[in-house]
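Enquirer: Here it is: the structure, laid out below.
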Number of protein chains: 2
Amino acid sequence: MYRTHNCGELRSEHIGQEVTLSGWLNKNRDYGSMTFIDLRDRYGITQLVFNTETNENLYNDAKKLGREYVLRIVGIVAERSNKNPKISTGDIEIIVSDLEVLNESKVPPFTIEDETDGGDEIRMKYRYLDLRRNPVQQNLFFRSKVAIETRKYLANHNFIEVETPVLIKSTPEGARDFVVPSRMNQGQFYALPQSPQTFKQLLMVSGFDKYFQLVKCFRDEDLRADRQPEFTQIDCEMCFVTQDEILQTFEGLTKHLFKTCLEVELSDFPRMTYDEAIKRYGSDKPDTRFGMEFIELNDLSKGYGFPVFDNAEMVVSICAKGQADSYSNKDIKKLTSWVQRPQIGAKGLVYVKYNLDGSIKSSVGKFYNDEQLMGWLERAKAEKGDMLLILCGDTDTVRGQLSDLRLEMGDRMGLRKTGFNPLWVVDFPLLEWDEESERFHAMHHPFTSPKEEDKERMLTGDHSTMKALRADAYDLVINGWEIGGGSIRIFDRELQAKNFKLLGFTEEEAEAQFGFLLNAFEYGAPPHGGIAFGFDRLCSIMKGAVSIRDFIAFPKNNQGRDIMIDAPAVIDNIQLDELGIGVVIEKDA
Amino acid sequence: MYRTHNCGELRSEHIGQEVTLSGWLNKNRDYGSMTFIDLRDRYGITQLVFNTETNENLYNDAKKLGREYVLRIVGIVAERSNKNPKISTGDIEIIVSDLEVLNESKVPPFTIEDETDGGDEIRMKYRYLDLRRNPVQQNLFFRSKVAIETRKYLANHNFIEVETPVLIKSTPEGARDFVVPSRMNQGQFYALPQSPQTFKQLLMVSGFDKYFQLVKCFRDEDLRADRQPEFTQIDCEMCFVTQDEILQTFEGLTKHLFKTCLEVELSDFPRMTYDEAIKRYGSDKPDTRFGMEFIELNDLSKGYGFPVFDNAEMVVSICAKGQADSYSNKDIKKLTSWVQRPQIGAKGLVYVKYNLDGSIKSSVGKFYNDEQLMGWLERAKAEKGDMLLILCGDTDTVRGQLSDLRLEMGDRMGLRKTGFNPLWVVDFPLLEWDEESERFHAMHHPFTSPKEEDKERMLTGDHSTMKALRADAYDLVINGWEIGGGSIRIFDRELQAKNFKLLGFTEEEAEAQFGFLLNAFEYGAPPHGGIAFGFDRLCSIMKGAVSIRDFIAFPKNNQGRDIMIDAPAVIDNIQLDELGIGVVIEKDA
């Protein structure tokens with residue numbers, strides 16, 4: 001037997017008992033005739049004592065041991081003279097009588113401590129060592145806990161977990177499928193699911209009523225943002241359900257998770273339409289932990305001879321509270337450069353400072369007198385010391401730019417550090433017109449239902465009608481991150497066929513790709529809808545972490561590589577031949 | 001709102017209440033002035049009443065509805081005059097006041113009832129309709145329940161669920177990997193895991209102590225047997241653990257699942273060595289619900305002038321209780337043909353009948369007198385009415401053949417219908433010599449540890465030693481099915497390197513494929529071991545089902561195809577180009 005107890009378990013009530021422990025040498029401290037070793041496992045740390053008086057040989061052996069050696073010891077639990085209240089076993093120590101080195105360890109390439117000296121790359125390569133560090137382990141234990149509580153909540157609400165297939169069919173819509181050549185059907189390919197969307201809808205057609213799954217999904221896309229080629233969703237679908245019931249259920253889930261996993265009580269989540277979110281924050285996923293809402297200034301700023309504003313579709317500002325004094329001309333210049341970076345793309349930045357002494361200073365003071373500028377400040381409810389930051393341009397574009405600036409100012413002003421502000425954004429547009437390809441894209445996905453009052457218009461309306469269609473689609477946003485989203489689905493063959501047509505599918509393509517779903521709608525499909533949460537993202541947001549990688553045991557890097565196992569990798573020609581495929585890289589073609 | 005209650009919920013205490021229900025029209029029965037409709041959902045069936053007296057229009061509407069129509073009704077709960085004790089809502093019915101057809105249904109291609117008229121193929125194509133049938137739904141609800149109880153038990157035993165990656169690296173060992181071309185790393189491929197073996201071992205090196213995962217695994221192999229290209233495992237690993245502790249833990253899990261999901265109390269599981277199982281049953285996964293153990297007859301049958309036995313390495317028999325009378329010469333002939341089928345491959349079949357009148361009859365009566373044959377019967381503890389069935393040949397071959405015959409006789413004699421007989425088979429050989437390729441294969445997998453007493457011999461012994469090495473490897477067998485298996489792992493770099501060498505890896509190959517694991521062993525790898533259960537198989541065994549497909553929501557057929565969605569399928573050339581691959585089928589090459 002390797003152990004009678006783990007390293008986090010012994011208390012003063014065990015004093016006098018002989019115990020066997022196994023674990024890693026976390027730290028050792030030698031005091032000449034006495035050596036202390038901290039023995040570590042998942043459960044904690046226990047102090048071992050070796051001294052020359054009790055057993056000189058053992059003391060000499062113990063002195064030689066290095067960090068991360070794997071030990072098995074037998075000893076007597078003794079009271080510790082110098083108690084350590086910081087650890088659960090701090091009242092006791094083990095007077096070791098027998099020591100076995102189960103395995104040795106080379107010196108790790110970085111220190112296995114809460115704060116490590118290892119860079120990203122080396123820690124990814126030796127992920128199994130990075131995973132020994134307490135904060136990394138705690139993240140994964142937290143993830144496991146969130147998964148347990150998710151399942152508990154959903155099972156209590158009558159959801160059934162059903163596994164949907166991983167080897168499915170490639171869809172042209174969103175061509176970022178990973179594909180898998182079939183050996184038994186040469187020349188044909190499976191695809192890995194970007195989500196189990198059609199399967200969960202079929203489960204509703206089958207009468208499963210409430211489905212969920214914690215499920216791996218796959219997307220082969222550039223990983224510039226904090227994304228992973230494989231990620232996990234809390235995927236759900238319900239039938240005979242309204243949007244409101246879905247929101248209530250998953251607001252309940254979110255509250256349950258925050259309460260059970262973080263001891264945080266969330267209030268009821270506000271709801272905001274997509275249009276309102278765009279108008280007030282310039283974003284469909286606003287961080288509502290702080291205000292700094294958009295103030296539109298078209299009527300107060302246009303027609304006064306300042307051509308930049310006069311020619312702009314939209315002049316819009318935010319009010320940075322108490323920042324008038326903090327921004328020198330040089331600072332404003334820097335901020336202007338910041339909004340002019342290609343990632344943001346603004347042409348320029350206008351400011352109006354409402355100084356503490358009541359004076360007004362602005363970069364457009366030439367064009368507007370104080371009274372006019374005061375009109376802007378008043379609309380923004382600015383107080384002395386505040387500063388307006390103004391952008392202008394095409395409405396959609398400038399709102400996006402000002403949203404970025406708002407978040408930047410929020411960061412600079414320390415308004416985005418703590419707290420959780422969940423928000424439901426509802427009533428998304430059904431379709432998005434893509435100027436470049438001159439076609440509609442589904443804003444959510446092609447199975448999303450228009451709102452009840454828009455169904456008739458969708459079937460009969462003209463092109464301009466389509467742009468105005470609103471969907472029963474919703475996102476849950478927390479602190480500016482989209483945690484998840486969903487929609488009420490189309491469950492009518494005719495409406496679904498129309499949607500495919502609007503999205504540019506020919507009838508044949510729709511039939512070839514989604515014929516099974518269209519057919520299913522003819523055999524008594526019930527009204528249904530659902531939602532999916534990004535599980536990795538949810539965990540990272542809950543813990544206030546920056547990257548989802550911190551909550552994935554074996555993540556891939558930005559190039560989609562697992563640098564520990566060195567995948568992907570070339571495979572041999574025999575394997576390629578069996579699959580009936582060949583590698584044909586034409587870099588210069 | 002679509003419903004105030006579900007279709008399995010209303011009781012006599014609800015009488016008088018107005019309720020709203022939604023569901024499928026399961027059956028309707030018209031009696032001239034009155035129509036009854038059974039409304040169905042996942043939770044049950046509720047009887048709806050429409051009659052001309054209350055509302056003639058509604059009655060006329062209701063009469064026209066077809067099976068599988070989706071309805072939403074409002075009505076008053078009333079006491080049923082003709083109560084139905086077979087269903088949970090049998091005390092009440094609904095006097096309908098409002099009816100809405102949410103969706104219509106074409107006539108389904110097969111009947112949606114417990115016993116259906118649909119063949120396999122059509123039910124696979126319309127899987128979403130087959131999934132409406134109660135027995136199919138119950139199987140998947142059962143699966144969900146087993147998953148819940150698995151997680152509950154393992155979490156209670158301190159196991160942490162960790163998700164391991166799906167996009168990993170292809171291994172030459174067991175070349176049945178599905179591969180996934182990488183778009184971002186053209187010419188390179190990921191592989192889908194046949195199991196998370198190396199990752200769970202790394203989690204032990206990381207100190208996760210007890211890991212589990214319900215995880216999809218993938219194997220691209222012929223599907224003649226009841227297998228699926230994607231299947232689910234209960235995958236586990238523990239560190240600082242002995243074989244006995246692993247068996248105890250997972251015997252506990254198995255008992256827990258049978259108790260909570262089936263209300264079956266299992267006794268402690270017997271353990272049997274691999275050698276003993278092979279000797280007594282000719283199989284490493286014996287069905288021990290019945291005896292019919294092997295009786296070896298070499299000493300009693302060889303040297304009496306019957307050349308077939310004399311030239312055989314092994315003469316071995318089973319005793320079929322009470323079958324002497326049931327098998328005519330013609331039946332024996334048929335049984336002989338059965339064992340001679342290529343799937344079994346026996347040369348012939350010898351019988352000895354111990355007739356009820358005490359006489360002995362045998363197909364080898366020419367070569368053995370009654371006294372000699374009685375010696376065989378006595379060894380087999382045969383009683384009057386019993387029949388010995390004897391095969392001979394090379395030991396390994398004949399044991400396998402006799403095992404097949406034993407199972408066939410067990411089936412014919414009705415000995416394999418009910419009950420659960422779990423069995424641990426332990427002490428598997430470490431290596432298997434493959435005559436054809438003249439190399440060793442890992443009996444379990446290349447990470448399995450030889451038994452402690454065999455480690456030294458493994459490092460220093462010669463070729464013949466290797467064949468005799470025993471491993472700390474074990475299988476759980478229930479009713480003749482392998483439910484799962486596992487082993488204590490090697491955690492020493494030198495021993496692992498030696499194992500790779502024995503398995504025919506060059507040092508370079510071992511380094512390229514498993515360098516990360518070999519390296520991990522140098523940084524304080526703890527002793528560890530684990531096990532994996534086939535989750536689909538476990539569910540089907542528990543429910544006494546024949547096929548794992550019955551417990552998979554969307555299974556593939558024997559050609560690895562999902563015939564509902566028609567996958568795999570060809571993909572377009574743009575997609576192939578982006579992946580840097582081409583289809584090169586050379587059927588005639």
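By order of appearance in the structure tokens: chains A, B, ..., then residues from 1 within every chain, and ligands from 1 in the order shown.
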Would you write out, as CSV, a table of all residues in chain B that have an atom no more than 6 Å from an atom of chain A, listing for each the closest atom pair and the distance in Å to one decimal, considering only C-alpha atoms and ordering rows by chain and rising residue number?
Expert:
residue,atom,partner,partner_atom,distance
B:Tyr2,CA,A:Phe240,CA,5.4
B:Arg42,CA,A:Gly207,CA,6.0
B:Glu68,CA,A:Gly524,CA,5.5
B:Tyr69,CA,A:Gly524,CA,5.2
B:Val70,CA,A:Gly524,CA,5.5
B:Asn103,CA,A:Gly524,CA,5.6
B:Glu104,CA,A:Gly524,CA,5.4
B:Ser105,CA,A:Tyr523,CA,4.1
B:Lys106,CA,A:Tyr523,CA,5.4
B:Tyr128,CA,A:Ser206,CA,5.1
B:Leu129,CA,A:Ser206,CA,5.9
B:Leu131,CA,A:Ser206,CA,5.4
B:Arg132,CA,A:Ser206,CA,4.8
B:Ser144,CA,A:Glu161,CA,5.7
B:Glu161,CA,A:Ser144,CA,5.7
B:Lys169,CA,A:Ala567,CA,5.1
B:Val179,CA,A:Val180,CA,5.9
B:Val180,CA,A:Val180,CA,5.0
B:Gly187,CA,A:Val583,CA,5.7
B:Gln188,CA,A:Val570,CA,4.5
B:Phe189,CA,A:Pro568,CA,4.8
B:Tyr190,CA,A:Pro568,CA,4.5
B:Leu202,CA,A:Tyr128,CA,5.8
B:Ser206,CA,A:Arg132,CA,4.8
B:Gly207,CA,A:Arg42,CA,6.0
B:Phe240,CA,A:Tyr2,CA,5.4
B:Glu522,CA,A:Ser105,CA,5.4
B:Tyr523,CA,A:Ser105,CA,4.1
B:Gly524,CA,A:Ser105,CA,4.5
B:Ala567,CA,A:Lys169,CA,5.2
B:Pro568,CA,A:Tyr190,CA,4.5
B:Ala569,CA,A:Gln188,CA,4.6
B:Val570,CA,A:Gln188,CA,4.5
B:Gly580,CA,A:Ile585,CA,4.7
B:Ile581,CA,A:Val583,CA,4.4
B:Gly582,CA,A:Gly582,CA,5.2
B:Val583,CA,A:Ile581,CA,4.4
B:Val584,CA,A:Ile581,CA,5.0
B:Ile585,CA,A:Gly580,CA,4.7
Enquirer: For the selection you just gave me, I'd like the residues written to a file as a CSV table (one decimal), in the first residue's frame, keeping C-alpha atoms.
Expert:
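Output below, filename part.csv:
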chain,number,residue,atom,x,y,z
B,2,TYR,CA,-47.5,26.2,-24.4
B,42,ARG,CA,-41.9,12.5,-22.8
B,68,GLU,CA,-48.2,12.6,-34.6
B,69,TYR,CA,-49.9,16.0,-35.1
B,70,VAL,CA,-48.6,18.5,-32.6
B,103,ASN,CA,-47.8,21.4,-36.5
B,104,GLU,CA,-49.2,18.7,-38.8
B,105,SER,CA,-47.6,15.4,-39.6
B,106,LYS,CA,-47.5,13.2,-42.6
B,128,TYR,CA,-35.8,11.1,-35.2
B,129,LEU,CA,-39.1,9.1,-35.5
B,131,LEU,CA,-36.4,8.0,-31.1
B,132,ARG,CA,-40.1,8.8,-30.4
B,144,SER,CA,-28.3,9.2,-19.0
B,161,GLU,CA,-13.3,15.0,-14.3
B,169,LYS,CA,-1.3,13.0,-32.6
B,179,VAL,CA,-7.0,11.6,-38.9
B,180,VAL,CA,-7.9,15.3,-39.4
B,187,GLY,CA,0.5,18.6,-44.8
B,188,GLN,CA,0.1,17.8,-41.2
B,189,PHE,CA,-2.7,15.9,-39.4
B,190,TYR,CA,-4.3,15.6,-36.1
B,202,LEU,CA,0.3,12.8,-17.7
B,206,SER,CA,0.8,16.3,-12.7
B,207,GLY,CA,-0.5,15.0,-9.4
B,240,PHE,CA,-0.2,5.8,-5.5
B,522,GLU,CA,12.0,11.9,-15.6
B,523,TYR,CA,10.3,14.6,-13.5
B,524,GLY,CA,8.9,12.6,-10.6
B,567,ALA,CA,-22.3,11.1,-43.8
B,568,PRO,CA,-19.6,10.7,-44.7
B,569,ALA,CA,-19.9,12.6,-48.0
B,570,VAL,CA,-17.8,14.2,-50.6
B,580,GLY,CA,-3.8,21.0,-48.9
B,581,ILE,CA,-5.0,17.5,-49.7
B,582,GLY,CA,-6.5,15.7,-52.6
B,583,VAL,CA,-8.5,12.6,-53.2
B,584,VAL,CA,-6.4,9.9,-54.8
B,585,ILE,CA,-8.4,6.7,-54.9
Enquirer: Which of range 209-432 of chain B counts as strand (DSSP E or B) under DSSP, as JSON, numbers by chain please?
Expert: {"B": [210, 211, 212, 213, 214, 215, 216, 217, 218, 230, 231, 232, 233, 234, 235, 236, 237, 238, 239, 271, 272, 273, 295, 296, 314, 315, 316, 317, 318, 319, 320, 350, 351, 352, 353, 354, 360, 361, 362, 387, 388, 389, 390, 391, 392, 393, 422, 423, 424, 425, 426, 429, 431, 432]}
Enquirer: Can you pull out the residues contacting range 406-413 of chain A? Cut-off 8 Å, using only C-alpha atoms, and skip same-chain residues under 4 positions away; I want them as a list in words.
Expert: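 So the residues in contact are Asp287, Phe290, Met292, Ile318, Ala320, Leu402 and Lys417 of chain A.
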Enquirer: Restrict the selected residues to all heavy atoms and save them as an mmCIF file, in the first residue's frame.
Expert:
data_model
loop_
_atom_site.group_PDB
_atom_site.id
_atom_site.type_symbol
_atom_site.label_atom_id
_atom_site.label_comp_id
_atom_site.auth_asym_id
_atom_site.auth_seq_id
_atom_site.Cartn_x
_atom_site.Cartn_y
_atom_site.Cartn_z
ATOM 1 N N ASP A 287 -20.025 45.822 -21.784
ATOM 2 C CA ASP A 287 -19.632 45.657 -20.384
ATOM 3 C C ASP A 287 -20.426 46.685 -19.594
ATOM 4 O O ASP A 287 -20.151 47.885 -19.664
ATOM 5 C CB ASP A 287 -18.127 45.891 -20.220
ATOM 6 C CG ASP A 287 -17.659 45.594 -18.795
ATOM 7 O OD1 ASP A 287 -18.516 45.489 -17.883
ATOM 8 O OD2 ASP A 287 -16.434 45.470 -18.588
ATOM 9 N N PHE A 290 -19.860 49.483 -15.898
ATOM 10 C CA PHE A 290 -19.735 50.932 -15.775
ATOM 11 C C PHE A 290 -20.622 51.572 -16.828
ATOM 12 O O PHE A 290 -21.027 50.938 -17.801
ATOM 13 C CB PHE A 290 -18.272 51.371 -15.923
ATOM 14 C CG PHE A 290 -17.693 51.127 -17.292
ATOM 15 C CD1 PHE A 290 -17.443 52.179 -18.155
ATOM 16 C CD2 PHE A 290 -17.410 49.835 -17.719
ATOM 17 C CE1 PHE A 290 -16.902 51.964 -19.418
ATOM 18 C CE2 PHE A 290 -16.874 49.605 -18.981
ATOM 19 C CZ PHE A 290 -16.621 50.662 -19.832
ATOM 20 N N MET A 292 -20.800 55.304 -18.743
ATOM 21 C CA MET A 292 -20.122 55.898 -19.891
ATOM 22 C C MET A 292 -20.872 55.602 -21.195
ATOM 23 O O MET A 292 -20.287 55.191 -22.192
ATOM 24 C CB MET A 292 -18.686 55.375 -19.965
ATOM 25 C CG MET A 292 -17.686 56.445 -20.384
ATOM 26 S SD MET A 292 -16.016 55.793 -20.647
ATOM 27 C CE MET A 292 -15.373 55.653 -18.979
ATOM 28 N N ILE A 318 -18.682 59.946 -25.525
ATOM 29 C CA ILE A 318 -18.803 59.405 -24.172
ATOM 30 C C ILE A 318 -18.260 60.437 -23.209
ATOM 31 O O ILE A 318 -17.446 61.281 -23.587
ATOM 32 C CB ILE A 318 -18.017 58.083 -24.001
ATOM 33 C CG1 ILE A 318 -16.572 58.243 -24.500
ATOM 34 C CG2 ILE A 318 -18.719 56.938 -24.723
ATOM 35 C CD1 ILE A 318 -15.687 57.036 -24.246
ATOM 36 N N ALA A 320 -16.094 60.931 -19.919
ATOM 37 C CA ALA A 320 -15.155 60.317 -18.984
ATOM 38 C C ALA A 320 -15.142 61.140 -17.709
ATOM 39 O O ALA A 320 -14.600 62.258 -17.688
ATOM 40 C CB ALA A 320 -13.774 60.222 -19.623
ATOM 41 N N LEU A 402 -16.247 53.814 -31.080
ATOM 42 C CA LEU A 402 -16.459 54.441 -29.771
ATOM 43 C C LEU A 402 -16.621 53.383 -28.672
ATOM 44 O O LEU A 402 -16.247 53.601 -27.523
ATOM 45 C CB LEU A 402 -17.680 55.372 -29.807
ATOM 46 C CG LEU A 402 -17.832 56.294 -28.589
ATOM 47 C CD1 LEU A 402 -16.635 57.240 -28.449
ATOM 48 C CD2 LEU A 402 -19.122 57.103 -28.651
ATOM 49 N N LYS A 417 -12.569 46.125 -13.176
ATOM 50 C CA LYS A 417 -11.732 45.169 -12.454
ATOM 51 C C LYS A 417 -12.530 44.088 -11.738
ATOM 52 O O LYS A 417 -12.111 42.946 -11.670
ATOM 53 C CB LYS A 417 -10.858 45.909 -11.450
ATOM 54 C CG LYS A 417 -9.679 46.607 -12.126
ATOM 55 C CD LYS A 417 -8.780 47.247 -11.096
ATOM 56 C CE LYS A 417 -7.606 47.945 -11.765
ATOM 57 N NZ LYS A 417 -6.993 48.918 -10.865
#
Enquirer: Check range 391-543 of chain A with DSSP on the backbone and list each residue it calls helix (DSSP H, G or I), as number ranges by chain.
Expert: A: 395-412, 452-460, 463-468, 493-502, 507-520, 535-542
Enquirer: To one decimal place, how far is CA of Glu378 in chain A from CA of Asp396 in chain A in Å?
Expert: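 Taking CA of Glu378 in chain A and CA of Asp396 in chain A, their separation equals 24.9 Å.
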Enquirer: Tell me, in Å to one decimal, how far CA of Thr150 in chain B is from CA of Cys236 in chain B.
Expert: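 These atoms are spaced 11.3 Å apart.
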Enquirer: Pick from B:Lys498, B:Ile94, B:Lys27, B:Asp550: nearest to Val49 in chain B, with only C-alpha atoms counted?
Expert: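 Closest residue, counting only C-alpha atoms: B:Ile94.
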Enquirer: Could you list, as a list in words, every residue within 10 Å of Ala382 in chain B, counting only C-alpha atoms and ignoring same-chain residues fewer than 3 positions away?
Expert: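 Close residues of Ala382 in chain B: Ile318, Cys319, Ala320, Lys321, Gly322, Lys353, Tyr354, Met374, Trp376, Leu377, Glu378, Arg379, Gly385, Asp386, Met387 and Leu388 of chain B.
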Enquirer: For the contact check between range 508-585 of chain A and range 256-265 of chain A, emit one row per residue of range 508-585 of chain A within 12 Å, containing the shortest atom pair and the distance in Å rounded to one decimal, counting only C-alpha atoms, chain then rising number order, as CSV.
Expert:
residue,atom,partner,partner_atom,distance
A:Phe535,CA,A:Leu257,CA,11.7
A:Leu538,CA,A:Leu257,CA,9.9
A:Cys539,CA,A:Leu257,CA,9.9
A:Ile541,CA,A:Phe258,CA,10.8
A:Met542,CA,A:Phe258,CA,7.5
A:Lys543,CA,A:Leu262,CA,8.4
A:Gly544,CA,A:Leu262,CA,11.3
Enquirer: What's around Ile45 in chain B at 8 Å? Count only C-alpha atoms, leave out sequence neighbours fewer than 4 positions away in its own chain, and write the answer as number ranges by chain.
Expert: B: 7-8, 38-41, 87, 89
Enquirer: Write the residues of the preceding selection, restricted to N, CA and C atoms, as a PDB file, in the first residue's frame.
Expert:
ATOM      1  N   CYS B   7     -47.683  15.981 -19.947  1.00  0.00           N
ATOM      2  CA  CYS B   7     -48.718  14.960 -20.180  1.00  0.00           C
ATOM      3  C   CYS B   7     -48.652  13.784 -19.208  1.00  0.00           C
ATOM      4  N   GLY B   8     -47.748  13.813 -18.256  1.00  0.00           N
ATOM      5  CA  GLY B   8     -47.678  12.712 -17.307  1.00  0.00           C
ATOM      6  C   GLY B   8     -47.949  13.161 -15.881  1.00  0.00           C
ATOM      7  N   ASP B  38     -55.371  10.500 -27.230  1.00  0.00           N
ATOM      8  CA  ASP B  38     -54.263  10.343 -26.296  1.00  0.00           C
ATOM      9  C   ASP B  38     -53.178  11.330 -26.688  1.00  0.00           C
ATOM     10  N   LEU B  39     -52.906  12.287 -25.798  1.00  0.00           N
ATOM     11  CA  LEU B  39     -51.862  13.275 -26.063  1.00  0.00           C
ATOM     12  C   LEU B  39     -50.588  12.807 -25.360  1.00  0.00           C
ATOM     13  N   ARG B  40     -49.475  12.772 -26.115  1.00  0.00           N
ATOM     14  CA  ARG B  40     -48.248  12.164 -25.601  1.00  0.00           C
ATOM     15  C   ARG B  40     -47.110  13.173 -25.527  1.00  0.00           C
ATOM     16  N   ASP B  41     -46.339  13.121 -24.463  1.00  0.00           N
ATOM     17  CA  ASP B  41     -45.027  13.762 -24.457  1.00  0.00           C
ATOM     18  C   ASP B  41     -44.076  12.842 -23.708  1.00  0.00           C
ATOM     19  N   ILE B  87     -51.721   3.769 -16.627  1.00  0.00           N
ATOM     20  CA  ILE B  87     -50.950   4.999 -16.848  1.00  0.00           C
ATOM     21  C   ILE B  87     -51.122   5.938 -15.661  1.00  0.00           C
ATOM     22  N   THR B  89     -51.677   8.992 -15.391  1.00  0.00           N
ATOM     23  CA  THR B  89     -52.748   9.989 -15.446  1.00  0.00           C
ATOM     24  C   THR B  89     -54.117   9.333 -15.644  1.00  0.00           C
TER      25      THR B  89
END
Enquirer: Residues near Pro307 in chain B, anyone? I mean within 12 Å using only C-alpha atoms, not counting same-chain ones fewer than 5 positions away, as a list in words.
Expert: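 Neighbouring residues, sequence-local ones excluded: Ser301, Lys302, Ala312, Glu313, Val315, Val364, Phe367, Cys392 and Gly393 of chain B.
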Enquirer: Deliver the residues from the most recent selection as a file, using C-alpha atoms, as a tab-separated table (two decimals), in the first residue's frame.
Expert:
chain	number	residue	atom	x	y	z
B	301	SER	CA	-7.64	-40.42	-24.72
B	302	LYS	CA	-4.21	-40.53	-26.28
B	312	ALA	CA	-3.55	-33.67	-31.36
B	313	GLU	CA	-1.78	-31.49	-28.85
B	315	VAL	CA	-8.12	-33.23	-26.41
B	364	VAL	CA	-15.33	-43.03	-31.23
B	367	PHE	CA	-11.40	-46.96	-30.54
B	392	CYS	CA	-9.00	-31.73	-30.38
B	393	GLY	CA	-6.14	-29.87	-32.01
